[in-house]
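Asks: One structure coming up, written as structure tokens, with questions to follow.
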Amino acid sequence: MNTKISDIKTAFPDISAPDTENYYQNQIREWRNIFEGHPPWEKVSVQGLKKKRKRSMNMLNVAKVLCDCFADLTFSEQFEITISDDLYQEYVDRQLNENGFWKKAPELLSAAYALGGCCVKVFAENGEPRIDYIHADKFIPVGWNGAGIFDGIFSAVTVKDGKYYTLIERQSTGKAEYKLFKSDTGGNLGSEAELTELYENLPPIVEYGGTVPMFSYFKPAVSNNCEYDVPLGMSIYANAADTLKALDVAFDSFSREFVLGKKRIIVPASCIKAVPDTDSGEPVRYFDANDEAFVALDMQDTENLKIVDNTVELRVEEHVSAINALLNILCFQVGLSVGTLSFDAVQGVKTATEVISQDSKTQRTIKSNKNLLTEMIEGLIHSLIALGVFLDRLKPKEYTVTVGWQDNIVIDDNTLIDNTIKTVSAGLLDRVTAIMRINKCDEKTAKEIYEKIKAENAAGSADFF
């Protein structure tokens, strides 16, 4: 976190901000480190012949896979935003496309599941509406009610000419305030500076008017058992750190199995040659596997002259079973159905979307997150429209916003075929549409396929359906 609670109170003394310093500096920072592949257990102590040292653990980094899985399941079907006014609809669609919302939202969601939340903030740049995508550690709520957060602090650090500039922005209902601070060192707020030093066209206060804040907050559907006083979200793996560590330990053992279990040949000492090292002059002993010349050896102890293959058998199945067991525990801890994450020795870590059904634990968890995400999207739309009115792009009027999710679940091809055949057999779907769905083709191609099927059936073949 770049900005401390004390820095916020320096910039805006009238704010009564709760003390969440520990939450940002400890919890969110640890979740970020785990997400980025730098958990506390990243280094492993090893003992060598000379001294103790640390090595980097081979990590599976399931936290990143888990958050990407949540984001993918939440955003697997692009939802439809419907606004009652056509001009508002056209304006919002254009702004979402121009600001890369459909591309950046899944990435923002993945980080939100890791850090416990995210924000989308709307502002004007050179008279154009813009959307800023903000991670949880760059936002501090300072005003909220039962409906949500309506007053918050955003921070951003910029380095210019060797100086560290910290912009602290307060966004409240219909109003934005900006303070700029300059320091010679990073991590220090420094003294207040003029906004024009870094932002030529940014006024200290912008009055948007109305009752809509220019930001919207999303947090995962996880009960926060670390911070009760502030409506902040929590990482989906906050209570599963031990399982994530165990997964990395198991994968590290799995990876080192190929190092420690590599082929080893035991040869008699009499077969070892000694040659001086060209640099140090010290004798170096080695066994020449390509030496085909006859060697005269003492044959009194024939047992000690045998060359023995001492290679151990790799424990691949045991490691895969252990990792899968831990992944099932992780799924239980984060609200997913058992088997949603699985480890295959050939294909690696994969998301098994085929286990999701309408009644599954995964579906209920994702549905809860979609409900919270819907609130954030609706808030974003209201902010964009309020900004459009402020910029004279739109005329103020009454309107409604509806976010419609396509709740059909992503399923594998076998399940799709099986469900489609059952639907056709029940008389609830025509066969041409069924062929279009299964073969992912247009109606013309589906009709051609259907005619071929009918011809084969006429010739005595079994009915496809």
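Letters A, B, ... go to the chains of the structure tokens in the order shown; residues in each chain start at 1; ligands are counted from 1 in the same order.
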Kindly assemble as a Markdown table a list of the segment 363-446 of chain A residues that lie within 12 Å of segment 93-98 of chain A, each paired with its nearest atom pair and their distance in Å to one decimal, using only C-alpha atoms, sorted first by chain and then by ascending residue number.

Replies:
| residue | atom | partner | partner_atom | distance |
| --- | --- | --- | --- | --- |
| A:Ile377 | CA | A:Leu96 | CA | 10.8 |
| A:Leu380 | CA | A:Leu96 | CA | 9.8 |
| A:Ile381 | CA | A:Leu96 | CA | 9.2 |
| A:Ser383 | CA | A:Gln95 | CA | 11.5 |
| A:Leu384 | CA | A:Gln95 | CA | 8.0 |
| A:Ile385 | CA | A:Gln95 | CA | 10.0 |
| A:Leu387 | CA | A:Gln95 | CA | 11.1 |
| A:Gly388 | CA | A:Gln95 | CA | 10.0 |
| A:Arg393 | CA | A:Gln95 | CA | 11.7 |

Asks: Next, dump the selected residues to file, keeping only N, CA and C atoms, as a PDB file, in the first residue's frame.

Replies:
ATOM      1  N   ILE A 377     -21.210  -3.425 -11.701  1.00  0.00           N
ATOM      2  CA  ILE A 377     -21.422  -3.031 -13.098  1.00  0.00           C
ATOM      3  C   ILE A 377     -22.523  -1.979 -13.191  1.00  0.00           C
ATOM      4  N   LEU A 380     -21.084   1.231 -12.168  1.00  0.00           N
ATOM      5  CA  LEU A 380     -20.238   1.778 -13.235  1.00  0.00           C
ATOM      6  C   LEU A 380     -21.086   2.465 -14.297  1.00  0.00           C
ATOM      7  N   ILE A 381     -22.195   1.859 -14.683  1.00  0.00           N
ATOM      8  CA  ILE A 381     -23.069   2.448 -15.702  1.00  0.00           C
ATOM      9  C   ILE A 381     -23.641   3.775 -15.209  1.00  0.00           C
ATOM     10  N   SER A 383     -22.308   5.767 -13.053  1.00  0.00           N
ATOM     11  CA  SER A 383     -21.213   6.740 -13.026  1.00  0.00           C
ATOM     12  C   SER A 383     -20.912   7.275 -14.420  1.00  0.00           C
ATOM     13  N   LEU A 384     -20.895   6.383 -15.409  1.00  0.00           N
ATOM     14  CA  LEU A 384     -20.631   6.815 -16.787  1.00  0.00           C
ATOM     15  C   LEU A 384     -21.710   7.775 -17.277  1.00  0.00           C
ATOM     16  N   ILE A 385     -22.956   7.478 -16.966  1.00  0.00           N
ATOM     17  CA  ILE A 385     -24.047   8.350 -17.401  1.00  0.00           C
ATOM     18  C   ILE A 385     -23.977   9.701 -16.680  1.00  0.00           C
ATOM     19  N   LEU A 387     -21.301  11.130 -15.572  1.00  0.00           N
ATOM     20  CA  LEU A 387     -20.188  11.864 -16.175  1.00  0.00           C
ATOM     21  C   LEU A 387     -20.577  12.396 -17.548  1.00  0.00           C
ATOM     22  N   GLY A 388     -21.352  11.614 -18.311  1.00  0.00           N
ATOM     23  CA  GLY A 388     -21.814  12.075 -19.620  1.00  0.00           C
ATOM     24  C   GLY A 388     -22.705  13.297 -19.516  1.00  0.00           C
ATOM     25  N   ARG A 393     -22.588  15.465 -22.735  1.00  0.00           N
ATOM     26  CA  ARG A 393     -22.753  14.437 -23.765  1.00  0.00           C
ATOM     27  C   ARG A 393     -24.186  13.904 -23.771  1.00  0.00           C
TER      28      ARG A 393
END

Asks: DSSP on the backbone: which residues in segment 79-125 of chain A end up as alpha helix (DSSP H)? Give the answer as a ChimeraX atom specification.

Replies: /A:86-98,101-115

Asks: Give me the residues near Gly162 of chain A as number ranges by chain, where near means some atom within 12 Å (using only C-alpha atoms) and where sequence neighbours in that chain fewer than 6 positions away do not count.

Replies: A: 182-186

Asks: Quick one: of A:Leu198, A:Cys441, A:Gly174, A:Ser216, who's nearest to Phe139 of chain A, counting only C-alpha atoms?

Replies: A:Ser216

Asks: At a cut-off of 10 Å, using only C-alpha atoms, what residues contact segment 241-250 of chain A? Leave out same-chain residues fewer than 5 positions from it and give the result as JSON, numbers by chain.

Replies: {"A": [30, 31, 34, 39, 40, 41, 42, 44, 57, 58, 59, 60, 61, 62, 63, 255, 256, 319, 320, 322, 323, 324, 325, 326, 327, 329, 330, 333]}

Asks: Could you state the separation of atom CA of Asn26 of chain A and atom CA of Ile5 of chain A in Å, given to one decimal place?

Replies: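 Straight-line distance from atom CA of Asn26 of chain A to atom CA of Ile5 of chain A works out to 14.1 Å.
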
Asks: Tell me which protein, DNA and RNA residues are within 8 Å of Ile134 of chain A, counting only C-alpha atoms, leaving out same-chain ones fewer than 5 positions away, and put them as a list in words.

Replies: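 Listing them by chain and then by number gives Leu108, Cys118, Cys119, Val120, Lys121 and Phe139 of chain A.
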
Asks: Could you check which of A:Tyr24, A:Tyr91, A:Phe218, A:Phe150 is closest to Asn369 of chain A, using only C-alpha atoms?

Replies: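 Answer, going by the shortest atom-to-atom distance: A:Phe218.
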
Asks: Please report the interatomic distance between atom CA of Gln406 of chain A and atom CA of Ala71 of chain A in Å with one decimal.

Replies: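 So the two atoms, atom CA of Gln406 of chain A and atom CA of Ala71 of chain A, lie 15.3 Å apart.
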
Asks: Using only C-alpha atoms, can you tell me which of A:Arg32, A:Gln27, A:Ile453, A:Tyr217 comes closest to Ala147 of chain A?

Replies: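 Between A:Arg32, A:Gln27, A:Ile453, A:Tyr217, the residue approaching Ala147 of chain A most closely is A:Tyr217.
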
Asks: Which polymer residues have any atom within 9 Å of an atom of Leu372 of chain A, counting only C-alpha atoms, with same-chain residues fewer than 3 positions away left out, as a PyMOL selection string?

Replies: chain A and resi 218-221+367-369+375-377

Asks: Do you have the atom CA of Tyr178 of chain A-atom CA of Ile205 of chain A distance handy?

Replies: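 Straight-line distance from atom CA of Tyr178 of chain A to atom CA of Ile205 of chain A works out to 6.5 Å.
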
Asks: Counting only C-alpha atoms, which residue out of A:Gly152, A:Gly146, A:Gly100, A:Pro106 sits closest to Ala17 of chain A?

Replies: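 Of A:Gly152, A:Gly146, A:Gly100, A:Pro106, the one nearest Ala17 of chain A, counting only C-alpha atoms, is A:Gly152.
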
Asks: Given the choices A:Ile236, A:Val212, A:Ile15, A:Lys52, which gets closest to Asp68 of chain A if the distance is worked out from only C-alpha atoms?

Replies: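 Closest candidate: A:Ile236.
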
Asks: Looking at A:Val142, A:Ala386, A:Ala426, A:Ala458, which one is nearest to Val92 of chain A, with distances taken over only C-alpha atoms?

Replies: A:Ala386

Asks: Apply DSSP to the structure's backbone, then extract all residues of segment 93-182 of chain A labelled strand (DSSP E or B) and return them as a ChimeraX atom specification.

Replies: /A:118-125,128-135,139-145,148-160,163-172,175-182

Asks: Set the distance at 8 Å and use only C-alpha atoms: which residues neighbour Leu167 of chain A once local chain neighbours fewer than 6 positions away are removed? I'd like the list as a PyMOL selection string.

Replies: chain A and resi 155-157+178-181

Asks: Output C-alpha atoms for every residue in that selection, as an mmCIF file, in the first residue's frame.

Replies:
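The result, stored in part26.cif:
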data_model
loop_
_atom_site.group_PDB
_atom_site.id
_atom_site.type_symbol
_atom_site.label_atom_id
_atom_site.label_comp_id
_atom_site.auth_asym_id
_atom_site.auth_seq_id
_atom_site.Cartn_x
_atom_site.Cartn_y
_atom_site.Cartn_z
ATOM 1 C CA SER A 155 -3.677 6.857 -4.342
ATOM 2 C CA ALA A 156 -1.113 6.767 -7.138
ATOM 3 C CA VAL A 157 2.677 7.267 -7.074
ATOM 4 C CA TYR A 178 -7.162 16.054 -5.402
ATOM 5 C CA LYS A 179 -3.989 16.652 -3.355
ATOM 6 C CA LEU A 180 -0.431 16.218 -4.655
ATOM 7 C CA PHE A 181 2.603 15.555 -2.454
#
